[in-house]
$ cat final09.pdb   # PDB, C-alpha atoms and all ligand atoms
ATOM      1  CA  MET A   1     120.815  88.170 102.895
ATOM      2  CA  ALA A   2     121.297  91.467 101.045
ATOM      3  CA  TYR A   3     121.181  94.623 103.137
ATOM      4  CA  VAL A   4     118.269  97.032 103.260
ATOM      5  CA  ASP A   5     119.417 100.659 103.568
ATOM      6  CA  LEU A   6     116.612 102.819 104.971
ATOM      7  CA  HIS A   7     118.274 106.239 104.636
ATOM      8  CA  PHE A   8     119.988 106.994 101.359
ATOM      9  CA  HIS A   9     120.226 110.092  99.131
ATOM     10  CA  LEU A  10     120.178 108.405  95.747
ATOM     11  CA  LEU A  11     118.004 110.615  93.543
ATOM     12  CA  PRO A  12     119.959 112.771  91.072
ATOM     13  CA  GLY A  13     119.987 116.542  91.232
ATOM     14  CA  VAL A  14     117.437 117.095  93.967
ATOM     15  CA  ASP A  15     119.408 117.782  97.165
ATOM     16  CA  ASP A  16     122.973 117.456  98.470
ATOM     17  CA  GLY A  17     123.198 113.904  97.108
ATOM     18  CA  PRO A  18     124.374 112.909  93.603
ATOM     19  CA  GLU A  19     124.283 115.797  91.169
ATOM     20  CA  ASP A  20     123.211 113.879  88.085
ATOM     21  CA  MET A  21     122.038 110.466  86.900
ATOM     22  CA  ALA A  22     125.570 109.220  86.204
ATOM     23  CA  ALA A  23     126.544 109.986  89.818
ATOM     24  CA  SER A  24     123.366 108.282  91.069
ATOM     25  CA  LEU A  25     124.184 105.159  89.096
ATOM     26  CA  ASP A  26     127.749 105.149  90.462
ATOM     27  CA  LEU A  27     126.331 105.427  93.984
ATOM     28  CA  ALA A  28     123.904 102.592  93.259
ATOM     29  CA  ARG A  29     126.776 100.419  92.026
ATOM     30  CA  ALA A  30     128.671 101.200  95.236
ATOM     31  CA  ALA A  31     125.645 100.129  97.290
ATOM     32  CA  VAL A  32     125.416  96.834  95.433
ATOM     33  CA  ALA A  33     129.154  96.280  95.910
ATOM     34  CA  ASP A  34     128.634  96.908  99.638
ATOM     35  CA  GLY A  35     126.093  94.077  99.748
ATOM     36  CA  THR A  36     122.893  96.115  99.564
ATOM     37  CA  GLY A  37     119.863  94.857  97.669
ATOM     38  CA  THR A  38     117.268  97.473  98.600
ATOM     39  CA  VAL A  39     117.540 101.205  99.161
ATOM     40  CA  VAL A  40     114.857 103.589 100.307
ATOM     41  CA  ALA A  41     115.515 106.795  98.372
ATOM     42  CA  THR A  42     115.197 109.515 101.006
ATOM     43  CA  PRO A  43     115.779 112.973  99.522
ATOM     44  CA  HIS A  44     115.513 115.879 101.916
ATOM     45  CA  VAL A  45     111.937 117.107 102.147
ATOM     46  CA  ARG A  46     112.403 120.679 103.343
ATOM     47  CA  THR A  47     111.699 124.117 101.982
ATOM     48  CA  ASP A  48     115.417 124.992 101.957
ATOM     49  CA  LEU A  49     116.754 121.711 100.543
ATOM     50  CA  GLY A  50     115.458 118.874  98.405
ATOM     51  CA  LEU A  51     111.924 118.454  97.152
ATOM     52  CA  THR A  52     108.647 119.243  98.878
ATOM     53  CA  ASP A  53     106.383 117.545  96.339
ATOM     54  CA  ALA A  54     105.988 113.830  97.051
ATOM     55  CA  VAL A  55     104.457 113.223  93.630
ATOM     56  CA  GLU A  56     107.625 114.575  92.041
ATOM     57  CA  ILE A  57     109.771 112.392  94.319
ATOM     58  CA  ARG A  58     107.854 109.350  93.140
ATOM     59  CA  ALA A  59     108.336 110.398  89.513
ATOM     60  CA  ARG A  60     112.090 110.770  90.091
ATOM     61  CA  VAL A  61     112.205 107.309  91.694
ATOM     62  CA  LEU A  62     110.472 105.792  88.677
ATOM     63  CA  GLU A  63     112.972 107.518  86.390
ATOM     64  CA  LEU A  64     115.861 106.157  88.462
ATOM     65  CA  ARG A  65     114.423 102.627  88.472
ATOM     66  CA  PHE A  66     114.284 102.742  84.680
ATOM     67  CA  ALA A  67     117.919 103.856  84.501
ATOM     68  CA  LEU A  68     119.000 101.121  86.928
ATOM     69  CA  ALA A  69     117.208  98.486  84.864
ATOM     70  CA  THR A  70     118.754  99.831  81.656
ATOM     71  CA  GLU A  71     122.221  99.635  83.201
ATOM     72  CA  GLY A  72     121.571  96.185  84.696
ATOM     73  CA  ILE A  73     122.224  97.353  88.270
ATOM     74  CA  PRO A  74     120.446  94.946  90.651
ATOM     75  CA  LEU A  75     119.213  97.447  93.232
ATOM     76  CA  GLU A  76     115.592  97.789  94.324
ATOM     77  CA  VAL A  77     114.728 101.429  95.044
ATOM     78  CA  ARG A  78     111.736 102.454  97.118
ATOM     79  CA  CYS A  79     110.172 105.884  97.291
ATOM     80  CA  GLY A  80     110.739 107.735 100.553
ATOM     81  CA  GLY A  81     111.946 110.992 102.008
ATOM     82  CA  GLU A  82     113.863 112.473 104.914
ATOM     83  CA  LEU A  83     111.100 114.655 106.204
ATOM     84  CA  GLY A  84     111.853 117.932 107.919
ATOM     85  CA  HIS A  85     109.604 118.067 110.965
ATOM     86  CA  GLU A  86     108.398 121.544 109.983
ATOM     87  CA  MET A  87     106.924 120.011 106.821
ATOM     88  CA  VAL A  88     104.534 117.623 108.537
ATOM     89  CA  GLY A  89     101.646 120.064 108.832
ATOM     90  CA  ARG A  90     102.003 121.056 105.171
ATOM     91  CA  MET A  91     101.866 117.546 103.734
ATOM     92  CA  ARG A  92      98.617 116.078 102.496
ATOM     93  CA  GLN A  93      97.786 112.566 103.699
ATOM     94  CA  SER A  94      98.322 111.222 100.184
ATOM     95  CA  GLU A  95     101.794 112.778 100.104
ATOM     96  CA  LEU A  96     102.796 111.199 103.411
ATOM     97  CA  GLU A  97     101.539 107.881 102.062
ATOM     98  CA  LEU A  98     103.833 108.213  99.039
ATOM     99  CA  LEU A  99     106.869 108.720 101.298
ATOM    100  CA  ALA A 100     105.988 106.121 103.966
ATOM    101  CA  GLN A 101     107.312 102.569 104.258
ATOM    102  CA  GLY A 102     105.841  99.430 105.769
ATOM    103  CA  PRO A 103     102.499  97.687 105.343
ATOM    104  CA  SER A 104      99.043  98.962 106.233
ATOM    105  CA  GLY A 105      98.838  99.225 110.015
ATOM    106  CA  GLY A 106     102.599  99.743 110.274
ATOM    107  CA  ARG A 107     103.267 102.687 107.958
ATOM    108  CA  TRP A 108     106.124 104.926 109.054
ATOM    109  CA  VAL A 109     108.205 107.864 107.854
ATOM    110  CA  LEU A 110     111.818 108.967 108.334
ATOM    111  CA  VAL A 111     112.027 112.321 110.135
ATOM    112  CA  GLU A 112     115.246 114.353 110.207
ATOM    113  CA  THR A 113     116.588 115.275 113.632
ATOM    114  CA  PRO A 114     117.336 119.020 113.774
ATOM    115  CA  PHE A 115     121.017 119.702 114.415
ATOM    116  CA  HIS A 116     120.082 122.235 117.110
ATOM    117  CA  GLY A 117     118.212 119.635 119.149
ATOM    118  CA  ILE A 118     114.848 117.945 119.688
ATOM    119  CA  GLY A 119     112.316 120.369 121.133
ATOM    120  CA  ALA A 120     108.590 120.851 121.513
ATOM    121  CA  ASP A 121     108.111 121.617 117.813
ATOM    122  CA  PHE A 122     109.672 118.282 116.867
ATOM    123  CA  HIS A 123     107.518 116.371 119.363
ATOM    124  CA  ALA A 124     104.400 118.148 118.070
ATOM    125  CA  ALA A 125     105.250 117.131 114.508
ATOM    126  CA  THR A 126     105.784 113.473 115.361
ATOM    127  CA  ALA A 127     102.619 113.480 117.481
ATOM    128  CA  GLU A 128     100.733 114.720 114.425
ATOM    129  CA  LEU A 129     102.267 111.944 112.343
ATOM    130  CA  ARG A 130     101.152 109.334 114.862
ATOM    131  CA  GLU A 131      97.692 110.902 114.942
ATOM    132  CA  ARG A 132      97.578 110.626 111.149
ATOM    133  CA  GLY A 133      98.524 106.945 111.335
ATOM    134  CA  PHE A 134     102.286 106.944 110.843
ATOM    135  CA  GLY A 135     105.057 105.645 113.035
ATOM    136  CA  VAL A 136     108.350 107.558 113.096
ATOM    137  CA  LEU A 137     111.965 106.609 112.490
ATOM    138  CA  VAL A 138     114.155 109.394 113.913
ATOM    139  CA  ALA A 139     117.114 109.992 111.569
ATOM    140  CA  HIS A 140     120.639 110.324 112.996
ATOM    141  CA  PRO A 141     119.917 111.740 116.493
ATOM    142  CA  GLU A 142     123.624 111.299 117.267
ATOM    143  CA  ARG A 143     124.345 114.282 114.993
ATOM    144  CA  SER A 144     122.059 116.535 117.028
ATOM    145  CA  ALA A 145     122.879 118.744 119.991
ATOM    146  CA  ASP A 146     120.189 116.748 121.784
ATOM    147  CA  ALA A 147     122.545 113.783 122.025
ATOM    148  CA  SER A 148     125.756 115.593 122.862
ATOM    149  CA  LEU A 149     124.467 118.358 125.148
ATOM    150  CA  ASP A 150     121.125 117.263 126.515
ATOM    151  CA  GLY A 151     121.696 113.610 127.436
ATOM    152  CA  ALA A 152     119.424 112.664 124.561
ATOM    153  CA  ALA A 153     116.404 113.803 126.572
ATOM    154  CA  GLY A 154     114.435 114.662 123.450
ATOM    155  CA  LEU A 155     115.221 111.342 121.840
ATOM    156  CA  ARG A 156     114.185 109.509 124.994
ATOM    157  CA  ARG A 157     110.822 111.318 124.901
ATOM    158  CA  GLU A 158     110.421 110.308 121.254
ATOM    159  CA  LEU A 159     111.181 106.668 121.987
ATOM    160  CA  ALA A 160     108.734 106.715 124.894
ATOM    161  CA  ALA A 161     106.080 107.949 122.452
ATOM    162  CA  GLY A 162     106.757 105.030 120.124
ATOM    163  CA  SER A 163     109.376 106.320 117.694
ATOM    164  CA  LEU A 164     112.436 104.293 116.727
ATOM    165  CA  ALA A 165     115.878 105.739 116.012
ATOM    166  CA  GLN A 166     118.497 105.306 113.276
ATOM    167  CA  VAL A 167     122.213 106.181 113.453
ATOM    168  CA  ASN A 168     124.498 106.768 110.482
ATOM    169  CA  ALA A 169     127.191 104.273 109.584
ATOM    170  CA  GLN A 170     129.653 107.141 109.254
ATOM    171  CA  SER A 171     128.954 108.243 112.807
ATOM    172  CA  LEU A 172     130.168 104.844 114.013
ATOM    173  CA  THR A 173     133.388 105.165 112.046
ATOM    174  CA  GLY A 174     134.059 108.738 113.176
ATOM    175  CA  ASP A 175     133.590 110.274 109.733
ATOM    176  CA  HIS A 176     130.935 112.678 111.044
ATOM    177  CA  GLY A 177     133.297 113.924 113.779
ATOM    178  CA  GLU A 178     134.190 113.036 117.328
ATOM    179  CA  GLU A 179     130.987 114.259 119.011
ATOM    180  CA  SER A 180     128.679 112.333 116.697
ATOM    181  CA  CYS A 181     130.882 109.266 117.038
ATOM    182  CA  SER A 182     130.867 109.177 120.816
ATOM    183  CA  ALA A 183     127.147 110.019 120.899
ATOM    184  CA  ALA A 184     126.351 107.191 118.473
ATOM    185  CA  TRP A 185     128.215 104.626 120.546
ATOM    186  CA  GLU A 186     126.595 105.841 123.775
ATOM    187  CA  LEU A 187     123.107 105.645 122.275
ATOM    188  CA  ILE A 188     123.790 102.135 120.999
ATOM    189  CA  ALA A 189     125.229 101.043 124.347
ATOM    190  CA  GLU A 190     122.050 102.281 126.024
ATOM    191  CA  GLY A 191     119.907 100.297 123.614
ATOM    192  CA  LEU A 192     118.242 103.415 122.186
ATOM    193  CA  ILE A 193     119.039 102.666 118.546
ATOM    194  CA  SER A 194     117.162 100.204 116.345
ATOM    195  CA  VAL A 195     118.800 100.651 112.962
ATOM    196  CA  VAL A 196     122.036 101.669 111.251
ATOM    197  CA  ALA A 197     121.738 103.204 107.769
ATOM    198  CA  SER A 198     124.271 104.754 105.400
ATOM    199  CA  ASP A 199     122.699 108.185 104.828
ATOM    200  CA  ALA A 200     124.838 107.938 101.708
ATOM    201  CA  HIS A 201     125.230 111.034  99.511
ATOM    202  CA  GLY A 202     128.135 110.290  97.152
ATOM    203  CA  PRO A 203     131.838 109.387  97.055
ATOM    204  CA  THR A 204     132.672 111.194 100.306
ATOM    205  CA  ARG A 205     129.599 109.794 102.070
ATOM    206  CA  PRO A 206     129.408 106.329 100.518
ATOM    207  CA  PRO A 207     127.282 103.259 101.319
ATOM    208  CA  ALA A 208     128.926 101.814 104.426
ATOM    209  CA  LEU A 209     126.774  99.108 105.960
ATOM    210  CA  LYS A 210     129.464  96.439 105.660
ATOM    211  CA  LEU A 211     132.006  98.753 107.261
ATOM    212  CA  ALA A 212     129.534  99.622 110.021
ATOM    213  CA  ARG A 213     128.901  95.947 110.722
ATOM    214  CA  ASN A 214     132.626  95.233 110.958
ATOM    215  CA  THR A 215     133.120  98.269 113.211
ATOM    216  CA  LEU A 216     130.339  97.129 115.534
ATOM    217  CA  LEU A 217     131.923  93.694 115.825
ATOM    218  CA  GLU A 218     135.431  95.104 116.360
ATOM    219  CA  VAL A 219     134.194  97.267 119.218
ATOM    220  CA  GLY A 220     132.628  94.235 120.864
ATOM    221  CA  VAL A 221     128.945  94.493 120.010
ATOM    222  CA  SER A 222     127.583  90.965 119.921
ATOM    223  CA  PRO A 223     127.132  89.394 116.483
ATOM    224  CA  SER A 224     123.387  89.074 117.064
ATOM    225  CA  ALA A 225     123.021  92.728 118.074
ATOM    226  CA  ALA A 226     125.091  93.846 115.071
ATOM    227  CA  ALA A 227     123.015  91.650 112.775
ATOM    228  CA  GLY A 228     119.864  93.248 114.167
ATOM    229  CA  LEU A 229     121.054  96.836 113.689
ATOM    230  CA  ILE A 230     122.389  96.279 110.175
ATOM    231  CA  GLY A 231     120.284  93.417 108.849
ATOM    232  CA  SER A 232     117.191  91.982 110.429
ATOM    233  CA  THR A 233     115.632  95.161 111.830
ATOM    234  CA  PRO A 234     115.819  97.161 108.582
ATOM    235  CA  HIS A 235     114.239  94.179 106.810
ATOM    236  CA  ARG A 236     111.555  93.972 109.488
ATOM    237  CA  LEU A 237     110.731  97.675 109.250
ATOM    238  CA  LEU A 238     109.923  97.234 105.564
ATOM    239  CA  ALA A 239     108.030  93.986 106.091
ATOM    240  CA  THR A 240     106.015  94.745 109.226
ATOM    241  CA  GLY A 241     106.640  98.451 109.836
ATOM    242  CA  ILE A 242     106.295 100.520 112.998
ATOM    243  CA  ALA A 243     102.953 100.305 114.727
ATOM    244  CA  SER A 244     101.361 103.702 115.345
ATOM    245  CA  PRO A 245      99.036 104.240 118.320
ATOM    246  CA  ARG A 246      96.101 104.683 115.970
ATOM    247  CA  ALA A 247      96.898 101.453 114.170
ATOM    248  CA  ILE A 248      97.164  99.597 117.462
ATOM    249  CA  ALA A 249      93.841 101.045 118.630
ATOM    250  CA  ALA A 250      92.229 100.016 115.336
TER     251      ALA A 250
HETATM  252 FE    FE A 301     119.978 112.126 105.153
END
$ encode --input "final09.pdb" --output "structure tokens"
Amino acid sequence: MAYVDLHFHLLPGVDDGPEDMAASLDLARAAVADGTGTVVATPHVRTDLGLTDAVEIRARVLELRFALATEGIPLEVRCGGELGHEMVGRMRQSELELLAQGPSGGRWVLVETPFHGIGADFHAATAELRERGFGVLVAHPERSADASLDGAAGLRRELAAGSLAQVNAQSLTGDHGEESCSAAWELIAEGLISVVASDAHGPTRPPALKLARNTLLEVGVSPSAAAGLIGSTPHRLLATGIASPRAIAA
């Protein structure tokens, strides 16, 4: 079964991902070569980086889909975003809907973990998302000071509130540095991580799900656990989503 990559900077010229359409198409070809069939395009949604207008993100996704079809690149691209937690209160409900994945009753959004750690402002933002009907996938907590300095206390509070967590493939391979690497493996060993994604940006941060799967197996993670992190859980998050407290209550 082709991979689903839930965190991927594929849109051209909007953030620190590919700078133009040609680079986006090269990155898409690399994803297909890595065994990926579906990518959620997740540009940064922050005031200092990326786009803050979800309608524009959707328009850029449609433009990219057209280019992929023209080039005959067999990659499905969904509209998403890597939401800065400080943006949550500024986003209209319709904008969050444009960036969310999963079916009705299981809608969820990808929220970027601040590098300085997970504090009260982050928890307040994700609580608002849950209140507004969205589950949360916490992006790369292993790259945050929360994981390396604070025993992942903030992440544990998030998981207790119903969030799930995603680590980057390049954290597993050590390409994000030693601290992120050891944090990623510790979080996985503790069973705190649900999903591995590429967080691909370009040639130096390429699609790497196949490499991540092989690395997991080499380190001794069971084949079924590796298949869950890389394969079945990402598929499930698109198909059935993350239940939010409001959806459960409804
Ligand atoms: Fe990212």
$ resolve_selection --input "final09.pdb" --expression "the PyMOL selection byres (((not hetatm)) within 10 of (chain A and resi 301))" --output "JSON, numbers by chain"
{"A": [6, 7, 8, 9, 15, 16, 17, 41, 42, 43, 44, 45, 81, 82, 83, 110, 111, 112, 113, 139, 140, 168, 197, 198, 199, 200, 201]}
$ resolve_selection --input "final09.pdb" --expression "the PyMOL selection byres (((chain A and resi 232) around 12) and not hetatm)" --output "PyMOL selection string"
chain A and resi 1-5+194-196+223-231+233-240
$ atom_distance --input "final09.pdb" --atom1 "CA of Gly102 in chain A" --atom2 "CA of Leu51 in chain A"
21.8 Å
$ atom_distance --input "final09.pdb" --atom1 "CA of Ala31 in chain A" --atom2 "CA of Arg65 in chain A"
14.5 Å
$ residues_near_point --input "final09.pdb" --point "(111.7, 109.3, 124.7)" --cutoff "12 Å" --atoms "all atoms listed in the file" --output "PDB file with C-alpha atoms, in the coordinates of the input"
ATOM      1  CA  ILE A 118     114.848 117.945 119.688  1.00  0.00           C
ATOM      2  CA  GLY A 119     112.316 120.369 121.133  1.00  0.00           C
ATOM      3  CA  HIS A 123     107.518 116.371 119.363  1.00  0.00           C
ATOM      4  CA  THR A 126     105.784 113.473 115.361  1.00  0.00           C
ATOM      5  CA  VAL A 138     114.155 109.394 113.913  1.00  0.00           C
ATOM      6  CA  PRO A 141     119.917 111.740 116.493  1.00  0.00           C
ATOM      7  CA  ASP A 146     120.189 116.748 121.784  1.00  0.00           C
ATOM      8  CA  GLY A 151     121.696 113.610 127.436  1.00  0.00           C
ATOM      9  CA  ALA A 152     119.424 112.664 124.561  1.00  0.00           C
ATOM     10  CA  ALA A 153     116.404 113.803 126.572  1.00  0.00           C
ATOM     11  CA  GLY A 154     114.435 114.662 123.450  1.00  0.00           C
ATOM     12  CA  LEU A 155     115.221 111.342 121.840  1.00  0.00           C
ATOM     13  CA  ARG A 156     114.185 109.509 124.994  1.00  0.00           C
ATOM     14  CA  ARG A 157     110.822 111.318 124.901  1.00  0.00           C
ATOM     15  CA  GLU A 158     110.421 110.308 121.254  1.00  0.00           C
ATOM     16  CA  LEU A 159     111.181 106.668 121.987  1.00  0.00           C
ATOM     17  CA  ALA A 160     108.734 106.715 124.894  1.00  0.00           C
ATOM     18  CA  ALA A 161     106.080 107.949 122.452  1.00  0.00           C
ATOM     19  CA  GLY A 162     106.757 105.030 120.124  1.00  0.00           C
ATOM     20  CA  SER A 163     109.376 106.320 117.694  1.00  0.00           C
ATOM     21  CA  LEU A 164     112.436 104.293 116.727  1.00  0.00           C
ATOM     22  CA  ALA A 165     115.878 105.739 116.012  1.00  0.00           C
ATOM     23  CA  LEU A 192     118.242 103.415 122.186  1.00  0.00           C
ATOM     24  CA  ILE A 193     119.039 102.666 118.546  1.00  0.00           C
TER      25      ILE A 193
END
$ closest_residue --input "final09.pdb" --among "A:Arg143, A:Phe122, A:Ala189, A:Gln166" --to "Gly220 in chain A" --atoms "only C-alpha atoms"
A:Ala189
$ atom_distance --input "final09.pdb" --atom1 "CA of Ser148 in chain A" --atom2 "CA of Gly191 in chain A"
16.4 Å
$ closest_residue --input "final09.pdb" --among "A:Gly72, A:Pro12, A:Gly174, A:Gly80" --to "Trp108 in chain A" --atoms "all atoms listed in the file"
A:Gly80
$ closest_residue --input "final09.pdb" --among "A:Arg58, A:His85, A:Arg92, A:His116" --to "Asp150 in chain A" --atoms "only C-alpha atoms"
A:His116
$ residues_around --input "final09.pdb" --residues "Arg29 in chain A" --least-positions-apart "5" --cutoff "12 Å" --atoms "all atoms listed in the file" --output "list in words"
Leu10, Ala22, Ala23, Ser24, Asp34, Gly35, Thr36, Gly37, Thr38, Val39, Leu68, Glu71, Gly72, Ile73, Pro74, Leu75, Glu76, Gly202, Pro203, Pro206 and Pro207 of chain A
$ write_last_selection --input "final09.pdb" --atoms "C-alpha atoms" --output "short mmCIF file (atom, residue, chain, number, x, y, z; two decimals), in the frame of the given file"
data_model
loop_
_atom_site.label_atom_id
_atom_site.label_comp_id
_atom_site.auth_asym_id
_atom_site.auth_seq_id
_atom_site.Cartn_x
_atom_site.Cartn_y
_atom_site.Cartn_z
CA LEU A 10 120.18 108.40 95.75
CA ALA A 22 125.57 109.22 86.20
CA ALA A 23 126.54 109.99 89.82
CA SER A 24 123.37 108.28 91.07
CA ASP A 34 128.63 96.91 99.64
CA GLY A 35 126.09 94.08 99.75
CA THR A 36 122.89 96.12 99.56
CA GLY A 37 119.86 94.86 97.67
CA THR A 38 117.27 97.47 98.60
CA VAL A 39 117.54 101.20 99.16
CA LEU A 68 119.00 101.12 86.93
CA GLU A 71 122.22 99.64 83.20
CA GLY A 72 121.57 96.18 84.70
CA ILE A 73 122.22 97.35 88.27
CA PRO A 74 120.45 94.95 90.65
CA LEU A 75 119.21 97.45 93.23
CA GLU A 76 115.59 97.79 94.32
CA GLY A 202 128.14 110.29 97.15
CA PRO A 203 131.84 109.39 97.06
CA PRO A 206 129.41 106.33 100.52
CA PRO A 207 127.28 103.26 101.32
#
$ axis_aligned_box --input "final09.pdb" --around "range 10-24 of chain A" --padding-each-side "5 Å" --output "AutoDock Vina command-line options"
--center_x 122.0 --center_y 113.0 --center_z 92.3 --size_x 19.1 --size_y 19.5 --size_z 22.3
$ closest_residue --input "final09.pdb" --among "A:Leu172, A:Ala67, A:Val32, A:Ala54" --to "Glu97 in chain A" --atoms "all atoms listed in the file"
A:Ala54
$ residues_near_point --input "final09.pdb" --point "(115.3, 112.7, 86.4)" --cutoff "12 Å" --atoms "only C-alpha atoms" --output "PyMOL selection string"
chain A and resi 10-14+18-22+24-25+56-67
$ resolve_selection --input "final09.pdb" --expression "the PyMOL selection byres (((chain A and resi 88-91) around 9) and not hetatm)" --output "list in words"
Thr52, Asp53, Ala54, Leu83, Gly84, His85, Glu86, Met87, Arg92, Gln93, Ser94, Glu95, Leu96, Ala125, Thr126, Glu128 and Leu129 of chain A
$ closest_residue --input "final09.pdb" --among "A:Arg46, A:Arg78, A:Lys210, A:Arg130" --to "Ala243 in chain A" --atoms "only C-alpha atoms"
A:Arg130
$ closest_residue --input "final09.pdb" --among "A:Ala145, A:Ala208, A:Ala127, A:Val167" --to "Glu179 in chain A" --atoms "all atoms listed in the file"
A:Ala145
